[in-house]
$ cat query.txt   # compact mmCIF, C-alpha atoms
# COMPACT_ATOMS: atom_id res chain seq x y z
CA MET A 1 215.31 79.67 51.79
CA MET A 2 217.12 80.85 48.72
CA HIS A 3 216.03 80.33 45.12
CA ASP A 4 213.90 77.23 45.42
CA ASP A 5 211.23 77.27 42.77
CA HIS A 6 211.35 73.60 41.96
CA ASP A 7 211.09 70.89 44.55
CA HIS A 8 213.05 68.41 42.52
CA ASP A 9 216.51 66.97 42.58
CA HIS A 10 218.61 66.83 39.49
CA ALA A 11 219.17 63.19 38.85
CA GLY A 12 221.90 63.72 36.31
CA ASP A 13 224.52 61.53 37.85
CA GLY A 14 225.53 58.27 36.28
CA HIS A 15 224.43 54.86 37.31
CA GLY A 16 226.79 52.24 38.59
CA HIS A 17 226.53 48.49 38.67
CA HIS A 18 223.08 47.05 38.17
CA HIS A 19 221.72 44.84 40.88
CA ASP A 20 218.06 44.01 40.71
CA HIS A 21 216.54 43.06 44.01
CA SER A 22 213.32 41.18 44.52
CA HIS A 23 210.71 42.40 46.95
CA GLU A 24 208.49 40.32 49.15
CA HIS A 25 205.73 40.57 46.55
CA GLY A 26 207.98 39.38 43.80
CA HIS A 27 208.46 42.35 41.50
CA VAL A 28 211.72 43.89 40.37
CA HIS A 29 212.50 47.57 40.63
CA PRO A 30 214.66 49.39 38.09
CA PRO A 31 218.35 49.27 38.98
CA GLN A 32 219.80 51.94 41.21
CA LYS A 33 223.21 52.53 42.70
CA ASP A 34 223.99 52.59 46.37
CA HIS A 35 224.01 56.16 47.56
CA ASP A 36 227.06 55.92 49.76
CA ALA A 37 229.19 53.80 47.47
CA GLY A 38 232.47 55.21 46.22
CA PRO A 39 233.92 58.72 46.42
CA MET A 40 231.74 61.85 46.50
CA SER A 41 230.47 62.84 43.07
CA ALA A 42 231.22 66.26 41.62
CA TYR A 43 227.64 67.30 42.41
CA GLU A 44 227.96 66.21 46.03
CA VAL A 45 231.20 68.20 46.38
CA LEU A 46 229.51 71.19 44.75
CA GLU A 47 226.50 70.96 47.08
CA GLU A 48 228.71 70.85 50.15
CA ALA A 49 230.80 73.79 48.94
CA VAL A 50 227.77 75.96 48.13
CA ARG A 51 226.01 75.06 51.38
CA THR A 52 229.10 75.88 53.44
CA LEU A 53 229.53 79.22 51.65
CA LEU A 54 225.85 80.15 52.15
CA VAL A 55 226.18 79.55 55.87
CA GLU A 56 229.55 81.35 56.15
CA LYS A 57 228.18 84.38 54.33
CA GLY A 58 225.10 84.48 56.57
CA ILE A 59 222.60 83.98 53.71
CA VAL A 60 221.05 81.00 55.45
CA THR A 61 221.83 79.55 58.84
CA ALA A 62 222.66 75.94 59.61
CA ASP A 63 219.54 75.91 61.80
CA GLU A 64 217.36 76.93 58.86
CA ILE A 65 218.83 74.16 56.72
CA ALA A 66 218.31 71.64 59.53
CA ALA A 67 214.71 72.83 60.01
CA GLN A 68 213.98 72.35 56.31
CA ILE A 69 215.48 68.84 56.41
CA ASP A 70 213.35 68.08 59.49
CA LEU A 71 210.24 69.28 57.64
CA MET A 72 211.03 67.03 54.68
CA ASP A 73 211.76 64.10 56.98
CA SER A 74 208.40 64.61 58.71
CA ARG A 75 206.59 64.08 55.42
CA THR A 76 206.21 60.39 54.61
CA PRO A 77 203.86 58.34 52.45
CA SER A 78 201.76 57.61 55.55
CA LEU A 79 200.53 61.19 55.29
CA GLY A 80 199.35 60.60 51.72
CA ALA A 81 197.82 57.29 52.80
CA LYS A 82 195.65 59.10 55.36
CA VAL A 83 194.46 61.45 52.62
CA VAL A 84 193.57 58.58 50.29
CA ALA A 85 191.73 56.71 53.06
CA ARG A 86 189.74 59.85 53.88
CA ALA A 87 188.83 60.28 50.21
CA TRP A 88 187.70 56.65 50.01
CA ASN A 89 185.42 57.03 53.02
CA ASP A 90 184.14 60.57 52.48
CA PRO A 91 182.73 61.35 49.00
CA GLY A 92 182.49 65.06 49.82
CA PHE A 93 186.17 65.19 50.76
CA LYS A 94 187.07 63.22 47.65
CA SER A 95 185.35 65.67 45.34
CA ARG A 96 187.01 68.61 47.13
CA LEU A 97 190.40 66.86 46.87
CA LEU A 98 189.97 66.34 43.13
CA ALA A 99 188.76 69.92 42.62
CA ASP A 100 191.27 71.75 44.83
CA THR A 101 193.91 69.53 46.40
CA LYS A 102 195.66 72.21 48.43
CA SER A 103 192.48 73.43 50.14
CA ALA A 104 191.28 69.90 50.84
CA LEU A 105 194.63 69.04 52.43
CA LEU A 106 194.34 72.08 54.69
CA GLU A 107 191.12 70.54 56.05
CA MET A 108 193.41 67.79 57.37
CA ASP A 109 195.93 70.36 58.66
CA ILE A 110 198.40 69.41 55.93
CA ASP A 111 200.11 72.48 54.49
CA ILE A 112 201.86 71.70 51.21
CA GLY A 113 203.20 75.23 50.88
CA THR A 114 203.38 77.33 47.76
CA LEU A 115 206.44 76.00 45.90
CA ALA A 116 204.32 73.93 43.57
CA GLU A 117 200.67 73.27 42.89
CA PHE A 118 199.17 69.87 43.53
CA ARG A 119 196.64 67.94 41.49
CA THR A 120 194.96 64.72 42.49
CA ILE A 121 194.16 62.29 39.70
CA GLU A 122 191.75 59.45 40.25
CA ASN A 123 192.44 55.96 39.02
CA THR A 124 189.30 54.16 37.85
CA SER A 125 188.44 50.92 36.13
CA ASP A 126 188.61 52.90 32.87
CA THR A 127 191.93 54.68 33.36
CA HIS A 128 195.13 53.78 35.19
CA ASN A 129 197.35 56.82 35.75
CA VAL A 130 201.08 56.79 36.48
CA VAL A 131 203.38 59.72 37.25
CA VAL A 132 206.93 60.44 36.13
CA CYS A 133 209.16 63.46 35.68
CA THR A 134 211.28 62.76 32.63
CA LEU A 135 213.24 66.01 33.04
CA CYS A 136 214.42 65.48 36.60
CA SER A 137 212.43 64.07 39.50
CA CYS A 138 209.49 66.38 40.32
CA TYR A 139 207.46 64.64 43.00
CA PRO A 140 204.81 65.64 45.59
CA LYS A 141 207.45 65.73 48.34
CA LEU A 142 205.45 67.83 50.77
CA LEU A 143 202.83 65.13 50.88
CA LEU A 144 204.75 61.90 50.24
CA GLY A 145 208.23 62.78 51.48
CA VAL A 146 211.46 62.14 49.61
CA PRO A 147 210.96 60.14 46.41
CA PRO A 148 212.34 56.62 46.09
CA ALA A 149 215.69 56.32 44.30
CA TRP A 150 214.13 54.40 41.41
CA TYR A 151 211.80 57.34 40.70
CA LYS A 152 214.89 59.40 39.91
CA SER A 153 216.61 56.67 37.92
CA LEU A 154 217.22 57.12 34.22
CA ALA A 155 215.71 53.68 33.67
CA TYR A 156 212.32 54.59 35.14
CA ARG A 157 212.19 58.10 33.73
CA SER A 158 213.04 57.06 30.19
CA ARG A 159 211.17 53.77 30.01
CA VAL A 160 207.82 54.53 31.65
CA VAL A 161 206.88 57.03 28.95
CA VAL A 162 207.76 54.71 26.06
CA ASP A 163 206.50 51.42 27.48
CA PRO A 164 204.30 52.17 30.50
CA ARG A 165 202.55 48.81 30.44
CA GLY A 166 205.86 46.97 30.36
CA VAL A 167 207.26 48.99 33.26
CA LEU A 168 204.03 48.59 35.25
CA ALA A 169 204.17 44.82 34.69
CA GLU A 170 207.68 44.83 36.17
CA PHE A 171 206.18 46.50 39.24
CA GLY A 172 203.58 43.73 39.35
CA VAL A 173 200.73 45.78 37.88
CA ARG A 174 199.08 44.25 34.83
CA VAL A 175 196.64 46.73 33.35
CA PRO A 176 193.88 45.11 31.26
CA ALA A 177 193.83 46.07 27.58
CA GLY A 178 190.38 47.61 28.09
CA THR A 179 191.77 50.06 30.65
CA GLU A 180 193.55 53.12 29.30
CA VAL A 181 197.03 53.79 30.65
CA ARG A 182 197.72 57.49 31.03
CA VAL A 183 201.23 58.68 31.82
CA HIS A 184 201.62 62.09 33.48
CA ASP A 185 204.97 63.72 32.80
CA SER A 186 205.18 66.42 35.49
CA THR A 187 207.24 68.81 33.43
CA ALA A 188 206.33 72.11 35.07
CA ASP A 189 204.77 73.69 38.17
CA LEU A 190 202.31 70.98 39.10
CA ARG A 191 202.81 67.89 41.23
CA TYR A 192 200.56 64.88 40.84
CA LEU A 193 199.08 62.61 43.46
CA ILE A 194 197.31 59.46 42.28
CA LEU A 195 194.13 58.49 44.11
CA PRO A 196 194.17 54.71 43.73
CA VAL A 197 191.13 52.48 43.30
CA ARG A 198 189.68 51.30 46.60
CA PRO A 199 189.93 47.51 46.75
CA ALA A 200 186.71 45.53 46.77
CA GLY A 201 185.97 43.89 50.10
CA THR A 202 186.90 46.93 52.21
CA GLU A 203 183.36 48.18 52.71
CA GLY A 204 182.84 49.53 56.19
CA TRP A 205 186.56 49.72 56.99
CA SER A 206 187.83 52.59 59.14
CA GLU A 207 190.21 55.17 57.68
CA ASP A 208 193.04 53.79 59.81
CA ARG A 209 192.51 50.30 58.49
CA LEU A 210 192.18 51.53 54.91
CA SER A 211 195.30 53.67 55.08
CA ALA A 212 197.40 50.56 55.78
CA LEU A 213 196.58 49.41 52.24
CA VAL A 214 197.87 52.61 50.67
CA THR A 215 201.57 52.32 49.91
CA ARG A 216 203.78 55.01 48.43
CA ASP A 217 203.81 53.32 45.03
CA THR A 218 199.99 53.23 44.85
CA MET A 219 200.09 57.04 44.99
CA ILE A 220 202.65 57.19 42.15
CA GLY A 221 200.63 54.72 40.11
CA THR A 222 203.24 51.96 40.01
CA ALA A 223 201.21 49.75 42.35
CA VAL A 224 197.58 49.13 43.15
CA PRO A 225 196.30 48.59 46.71
CA GLU A 226 196.04 44.90 47.44
CA LEU A 227 193.81 43.29 49.98
CA GLU A 228 195.01 39.69 50.05
CA HIS A 229 198.28 39.69 51.96
CA LYS A 230 197.18 42.49 54.28
CA ALA A 231 193.94 40.73 55.13
CA ALA A 232 195.74 37.44 55.66
CA ALA A 233 198.01 39.11 58.21
CA GLU A 234 195.12 40.28 60.36
CA MET B 1 199.47 81.62 39.58
CA THR B 2 197.09 84.22 38.22
CA ALA B 3 193.36 83.65 38.02
CA HIS B 4 192.15 82.48 34.63
CA SER B 5 189.90 85.48 34.17
CA GLN B 6 192.90 87.81 34.31
CA ILE B 7 195.01 86.13 31.64
CA ALA B 8 194.80 86.06 27.90
CA THR B 9 195.11 82.50 26.65
CA ARG B 10 196.03 81.74 23.07
CA PHE B 11 194.54 78.24 23.10
CA LYS B 12 191.30 76.81 24.43
CA VAL B 13 190.54 73.37 25.82
CA GLY B 14 190.06 71.02 22.89
CA ALA B 15 192.48 72.84 20.58
CA ARG B 16 194.99 70.78 18.61
CA VAL B 17 198.50 72.08 19.07
CA ARG B 18 201.98 71.23 17.88
CA ILE B 19 204.90 71.42 20.29
CA ALA B 20 207.54 73.65 18.68
CA ASP B 21 210.35 71.65 17.14
CA ARG B 22 213.26 73.80 18.13
CA SER B 23 216.18 73.66 20.50
CA ALA B 24 216.62 75.80 23.59
CA LEU B 25 219.83 76.83 25.27
CA GLY B 26 220.01 76.18 28.98
CA HIS B 27 217.17 75.27 31.33
CA CYS B 28 213.98 74.24 29.58
CA ARG B 29 210.89 72.35 30.75
CA THR B 30 209.75 71.04 27.35
CA PRO B 31 210.92 67.44 26.90
CA TRP B 32 212.71 66.64 23.66
CA TYR B 33 210.50 63.64 22.94
CA LEU B 34 207.43 65.91 22.60
CA ARG B 35 208.94 68.47 20.23
CA GLY B 36 207.24 68.48 16.85
CA ARG B 37 204.43 66.28 18.19
CA ILE B 38 200.72 67.11 18.01
CA GLY B 39 198.42 66.90 21.01
CA GLU B 40 195.23 68.32 22.45
CA ILE B 41 194.81 70.96 25.14
CA VAL B 42 192.92 69.33 28.00
CA GLU B 43 193.38 71.96 30.71
CA VAL B 44 194.49 75.58 31.07
CA HIS B 45 196.46 75.63 34.31
CA GLY B 46 196.93 79.41 34.51
CA ALA B 47 199.88 81.81 34.27
CA TYR B 48 203.22 80.98 35.87
CA HIS B 49 206.66 82.47 36.09
CA ASP B 50 208.79 81.52 33.11
CA PRO B 51 211.16 78.71 34.14
CA GLU B 52 213.60 79.48 31.34
CA ARG B 53 214.22 82.87 32.98
CA LEU B 54 213.78 81.84 36.61
CA ALA B 55 216.58 79.34 36.20
CA TYR B 56 218.99 82.22 35.65
CA HIS B 57 217.77 84.30 38.60
CA LYS B 58 215.60 86.53 36.44
CA PRO B 59 212.10 87.42 37.70
CA GLY B 60 210.47 85.00 35.25
CA LEU B 61 208.41 87.66 33.53
CA PRO B 62 206.30 87.99 31.52
CA LEU B 63 204.18 85.24 33.05
CA GLN B 64 203.54 82.31 30.74
CA VAL B 65 200.29 80.43 30.38
CA LEU B 66 200.72 76.75 31.20
CA TYR B 67 198.59 74.06 29.56
CA LYS B 68 198.08 70.38 30.07
CA VAL B 69 198.52 68.73 26.69
CA ARG B 70 197.38 65.18 25.96
CA PHE B 71 199.09 63.03 23.34
CA LEU B 72 198.17 59.67 21.90
CA GLN B 73 200.97 57.27 22.77
CA SER B 74 200.76 55.85 19.25
CA ASP B 75 201.49 59.37 17.92
CA LEU B 76 204.61 59.64 20.08
CA TRP B 77 206.19 56.23 19.59
CA PRO B 78 206.12 54.32 16.31
CA GLY B 79 205.28 50.72 17.12
CA TYR B 80 203.82 51.55 20.55
CA HIS B 81 202.82 48.25 22.12
CA GLY B 82 199.70 49.20 24.08
CA PRO B 83 196.10 49.84 23.03
CA ALA B 84 195.32 52.82 20.79
CA THR B 85 193.52 54.50 23.70
CA ASP B 86 196.70 54.95 25.80
CA HIS B 87 197.73 58.56 26.35
CA LEU B 88 200.49 60.68 27.81
CA GLU B 89 199.99 64.13 29.32
CA ALA B 90 202.54 66.86 29.98
CA ASP B 91 202.42 70.46 31.15
CA ILE B 92 203.71 72.82 28.45
CA TYR B 93 204.13 76.61 28.43
CA GLU B 94 202.34 78.61 25.77
CA TYR B 95 205.42 79.81 23.91
CA TRP B 96 206.21 76.20 23.04
CA LEU B 97 202.80 75.66 21.41
CA GLU B 98 201.86 76.28 17.78
CA PRO B 99 198.41 76.04 16.18
CA THR B 100 197.91 73.12 13.81
CA LEU B 101 196.56 73.79 10.35

$ encode --input "query.txt" --output "structure tokens"
Amino acid sequence: MMHDDHDHDHAGDGHGHHHDHSHEHGHVHPPQKDHDAGPMSAYEVLEEAVRTLLVEKGIVTADEIAAQIDLMDSRTPSLGAKVVARAWNDPGFKSRLLADTKSALLEMDIDIGTLAEFRTIENTSDTHNVVVCTLCSCYPKLLLGVPPAWYKSLAYRSRVVVDPRGVLAEFGVRVPAGTEVRVHDSTADLRYLILPVRPAGTEGWSEDRLSALVTRDTMIGTAVPELEHKAAAE
Amino acid sequence: MTAHSQIATRFKVGARVRIADRSALGHCRTPWYLRGRIGEIVEVHGAYHDPERLAYHKPGLPLQVLYKVRFLQSDLWPGYHGPATDHLEADIYEYWLEPTL
């Protein structure tokens, strides 16, 4: 690929009408506009023009672009969930993951490449961590896939640094006053994965069963794994 | 990244630093809301290519040491609502850091 030192998108476009939507567990996400609404933005036109020129000039091939899109599409939060479940069940793996995320992921045949470094940060009863990129939308894509639209929204990026507890409450996470909230603004070459707290009552569970509790948002820090509704469904 | 032993770092873990309060033309990875603020070095990440040069297709040299800097939320935002123990961390390149007196 060409110059590709940052695995982020530039979320500089405006934001259209606001339409909050409730989720099944009752929280409200920051507003976001529909991606395919209205005419192409200037940035979308620019992207298409540059991509077409790169292919016409033989700098990259359409196959290479398609292969990269396929790689990104193959990375989903379920991959991260497997990692978290392994860390919950294997203390040795957990300590290796916290010490050297890239090497630990290779043990699971997950190659996160060399575009950015990864760090894993553990949530505990003392500290709740949450990740943002206020400058654009840096995100551990090669482990969790494409970030959700709200992660790139101006509302999330600007508000979570100023009022993290308020934003977390909107996501349904109420952090006790005795627990420190620590916001990680991923401003540079590192990407952050949150290792959420393992829910009580999951002792003896298999990694497969545990991984079903680990949603994308729990690895961003905007949710905590919940046992109740999952257990009730079994 | 270059191994820690091979790089000269200006600041050590535990040092108090001020983020430079200046503007930068073009691409820059130091958020405005941290400029002029004081924090503590909590980790030395190593040496990385300089994003302010990389963005313009330069080689990004010389390499820049990158630090994780921790700020008290109450130092960043007057009237911060949460407990005094809440923090924010960001990764900042050395040439944006100044020693505090």

$ atom_distance --input "query.txt" --atom1 "atom CA of B:Leu76" --atom2 "atom CA of B:Gly36"
9.8 Å

$ residues_around --input "query.txt" --residues "stretch 180-197 of chain A" --least-positions-apart "3" --cutoff "8 Å" --atoms "only C-alpha atoms" --output "NGL selection string"
(:A and (6 or 84 or 116-135 or 138-140 or 160-161 or 164-165 or 175 or 177 or 218-221 or 224-225)) or (:B and (29-31 or 48 or 83 or 85-92))

$ write_last_selection --input "query.txt" --atoms "C-alpha atoms" --output "PDB file, keeping the file's coordinate frame"
ATOM      1  CA  HIS A   6     211.350  73.600  41.960  1.00  0.00           C
ATOM      2  CA  VAL A  84     193.570  58.580  50.290  1.00  0.00           C
ATOM      3  CA  ALA A 116     204.320  73.930  43.570  1.00  0.00           C
ATOM      4  CA  GLU A 117     200.670  73.270  42.890  1.00  0.00           C
ATOM      5  CA  PHE A 118     199.170  69.870  43.530  1.00  0.00           C
ATOM      6  CA  ARG A 119     196.640  67.940  41.490  1.00  0.00           C
ATOM      7  CA  THR A 120     194.960  64.720  42.490  1.00  0.00           C
ATOM      8  CA  ILE A 121     194.160  62.290  39.700  1.00  0.00           C
ATOM      9  CA  GLU A 122     191.750  59.450  40.250  1.00  0.00           C
ATOM     10  CA  ASN A 123     192.440  55.960  39.020  1.00  0.00           C
ATOM     11  CA  THR A 124     189.300  54.160  37.850  1.00  0.00           C
ATOM     12  CA  SER A 125     188.440  50.920  36.130  1.00  0.00           C
ATOM     13  CA  ASP A 126     188.610  52.900  32.870  1.00  0.00           C
ATOM     14  CA  THR A 127     191.930  54.680  33.360  1.00  0.00           C
ATOM     15  CA  HIS A 128     195.130  53.780  35.190  1.00  0.00           C
ATOM     16  CA  ASN A 129     197.350  56.820  35.750  1.00  0.00           C
ATOM     17  CA  VAL A 130     201.080  56.790  36.480  1.00  0.00           C
ATOM     18  CA  VAL A 131     203.380  59.720  37.250  1.00  0.00           C
ATOM     19  CA  VAL A 132     206.930  60.440  36.130  1.00  0.00           C
ATOM     20  CA  CYS A 133     209.160  63.460  35.680  1.00  0.00           C
ATOM     21  CA  THR A 134     211.280  62.760  32.630  1.00  0.00           C
ATOM     22  CA  LEU A 135     213.240  66.010  33.040  1.00  0.00           C
ATOM     23  CA  CYS A 138     209.490  66.380  40.320  1.00  0.00           C
ATOM     24  CA  TYR A 139     207.460  64.640  43.000  1.00  0.00           C
ATOM     25  CA  PRO A 140     204.810  65.640  45.590  1.00  0.00           C
ATOM     26  CA  VAL A 160     207.820  54.530  31.650  1.00  0.00           C
ATOM     27  CA  VAL A 161     206.880  57.030  28.950  1.00  0.00           C
ATOM     28  CA  PRO A 164     204.300  52.170  30.500  1.00  0.00           C
ATOM     29  CA  ARG A 165     202.550  48.810  30.440  1.00  0.00           C
ATOM     30  CA  VAL A 175     196.640  46.730  33.350  1.00  0.00           C
ATOM     31  CA  ALA A 177     193.830  46.070  27.580  1.00  0.00           C
ATOM     32  CA  THR A 218     199.990  53.230  44.850  1.00  0.00           C
ATOM     33  CA  MET A 219     200.090  57.040  44.990  1.00  0.00           C
ATOM     34  CA  ILE A 220     202.650  57.190  42.150  1.00  0.00           C
ATOM     35  CA  GLY A 221     200.630  54.720  40.110  1.00  0.00           C
ATOM     36  CA  VAL A 224     197.580  49.130  43.150  1.00  0.00           C
ATOM     37  CA  PRO A 225     196.300  48.590  46.710  1.00  0.00           C
TER      38      PRO A 225
ATOM     39  CA  ARG B  29     210.890  72.350  30.750  1.00  0.00           C
ATOM     40  CA  THR B  30     209.750  71.040  27.350  1.00  0.00           C
ATOM     41  CA  PRO B  31     210.920  67.440  26.900  1.00  0.00           C
ATOM     42  CA  TYR B  48     203.220  80.980  35.870  1.00  0.00           C
ATOM     43  CA  PRO B  83     196.100  49.840  23.030  1.00  0.00           C
ATOM     44  CA  THR B  85     193.520  54.500  23.700  1.00  0.00           C
ATOM     45  CA  ASP B  86     196.700  54.950  25.800  1.00  0.00           C
ATOM     46  CA  HIS B  87     197.730  58.560  26.350  1.00  0.00           C
ATOM     47  CA  LEU B  88     200.490  60.680  27.810  1.00  0.00           C
ATOM     48  CA  GLU B  89     199.990  64.130  29.320  1.00  0.00           C
ATOM     49  CA  ALA B  90     202.540  66.860  29.980  1.00  0.00           C
ATOM     50  CA  ASP B  91     202.420  70.460  31.150  1.00  0.00           C
ATOM     51  CA  ILE B  92     203.710  72.820  28.450  1.00  0.00           C
TER      52      ILE B  92
END

$ closest_atom_pairs --input "query.txt" --of "chain B" --to "chain A" --cutoff "12 Å" --atoms "only C-alpha atoms" --output "CSV"
residue,atom,partner,partner_atom,distance
B:Met1,CA,A:Glu117,CA,9.1
B:His27,CA,A:Leu135,CA,10.2
B:Cys28,CA,A:Leu135,CA,9.0
B:Arg29,CA,A:Thr187,CA,5.7
B:Thr30,CA,A:Thr187,CA,6.9
B:Pro31,CA,A:Leu135,CA,6.7
B:Trp32,CA,A:Leu135,CA,9.4
B:Tyr33,CA,A:Val161,CA,9.6
B:Leu34,CA,A:Asp185,CA,10.7
B:Glu43,CA,A:Arg119,CA,12.0
B:His45,CA,A:Leu190,CA,8.9
B:Gly46,CA,A:Asp189,CA,10.4
B:Ala47,CA,A:Asp189,CA,10.2
B:Tyr48,CA,A:Asp189,CA,7.8
B:His49,CA,A:Asp189,CA,9.2
B:Asp50,CA,A:Ala188,CA,9.9
B:Pro51,CA,A:Ala188,CA,8.2
B:Glu52,CA,A:Ala188,CA,11.0
B:Arg53,CA,A:Asp5,CA,11.7
B:Leu54,CA,A:Asp5,CA,8.1
B:Ala55,CA,A:Asp5,CA,8.7
B:Tyr56,CA,A:His3,CA,10.1
B:His57,CA,A:His3,CA,7.8
B:Lys58,CA,A:His3,CA,10.7
B:Pro59,CA,A:His3,CA,11.0
B:Gly60,CA,A:Asp5,CA,10.8
B:Gln64,CA,A:Ala188,CA,11.4
B:Val65,CA,A:Asp189,CA,11.2
B:Leu66,CA,A:Ala188,CA,8.2
B:Tyr67,CA,A:Ala188,CA,9.7
B:Lys68,CA,A:His184,CA,9.6
B:Val69,CA,A:His184,CA,10.0
B:Arg70,CA,A:His184,CA,9.2
B:Phe71,CA,A:Arg182,CA,9.6
B:Leu72,CA,A:Arg182,CA,9.4
B:Gln73,CA,A:Val162,CA,8.0
B:Ser74,CA,A:Val162,CA,9.8
B:Asp75,CA,A:Val162,CA,11.3
B:Leu76,CA,A:Val162,CA,8.4
B:Trp77,CA,A:Val162,CA,6.8
B:Pro78,CA,A:Val162,CA,9.9
B:Gly79,CA,A:Val162,CA,10.1
B:Tyr80,CA,A:Asp163,CA,7.4
B:His81,CA,A:Asp163,CA,7.2
B:Gly82,CA,A:Arg165,CA,7.0
B:Pro83,CA,A:Ala177,CA,6.3
B:Ala84,CA,A:Glu180,CA,8.7
B:Thr85,CA,A:Glu180,CA,5.8
B:Asp86,CA,A:Val181,CA,5.0
B:His87,CA,A:Arg182,CA,4.8
B:Leu88,CA,A:Val183,CA,4.5
B:Glu89,CA,A:His184,CA,4.9
B:Ala90,CA,A:Asp185,CA,4.9
B:Asp91,CA,A:Thr187,CA,5.6
B:Ile92,CA,A:Ala188,CA,7.2
B:Tyr93,CA,A:Ala188,CA,8.3

$ atom_distance --input "query.txt" --atom1 "atom CA of B:Val42" --atom2 "atom CA of B:Gly14"
6.1 Å

$ atom_distance --input "query.txt" --atom1 "atom CA of B:Leu97" --atom2 "atom CA of B:Ala8"
14.6 Å

$ residues_near_point --input "query.txt" --point "(190.6, 52.2, 59.4)" --cutoff "12 Å" --atoms "all atoms listed in the file" --output "VMD selection string"
chain A and resid 81 to 82 84 to 86 88 to 89 202 to 214

$ closest_residue --input "query.txt" --among "A:Arg96, A:Arg198, A:Arg159, A:Arg75" --to "A:Leu142" --atoms "only C-alpha atoms"
A:Arg75

$ residues_around --input "query.txt" --residues "stretch 55-72 of chain A" --least-positions-apart "4" --cutoff "10 Å" --atoms "all atoms listed in the file" --output "list in words"
Met1, Met2, Val50, Arg51, Thr76, Lys141, Leu142, Leu143, Leu144, Gly145 and Val146 of chain A
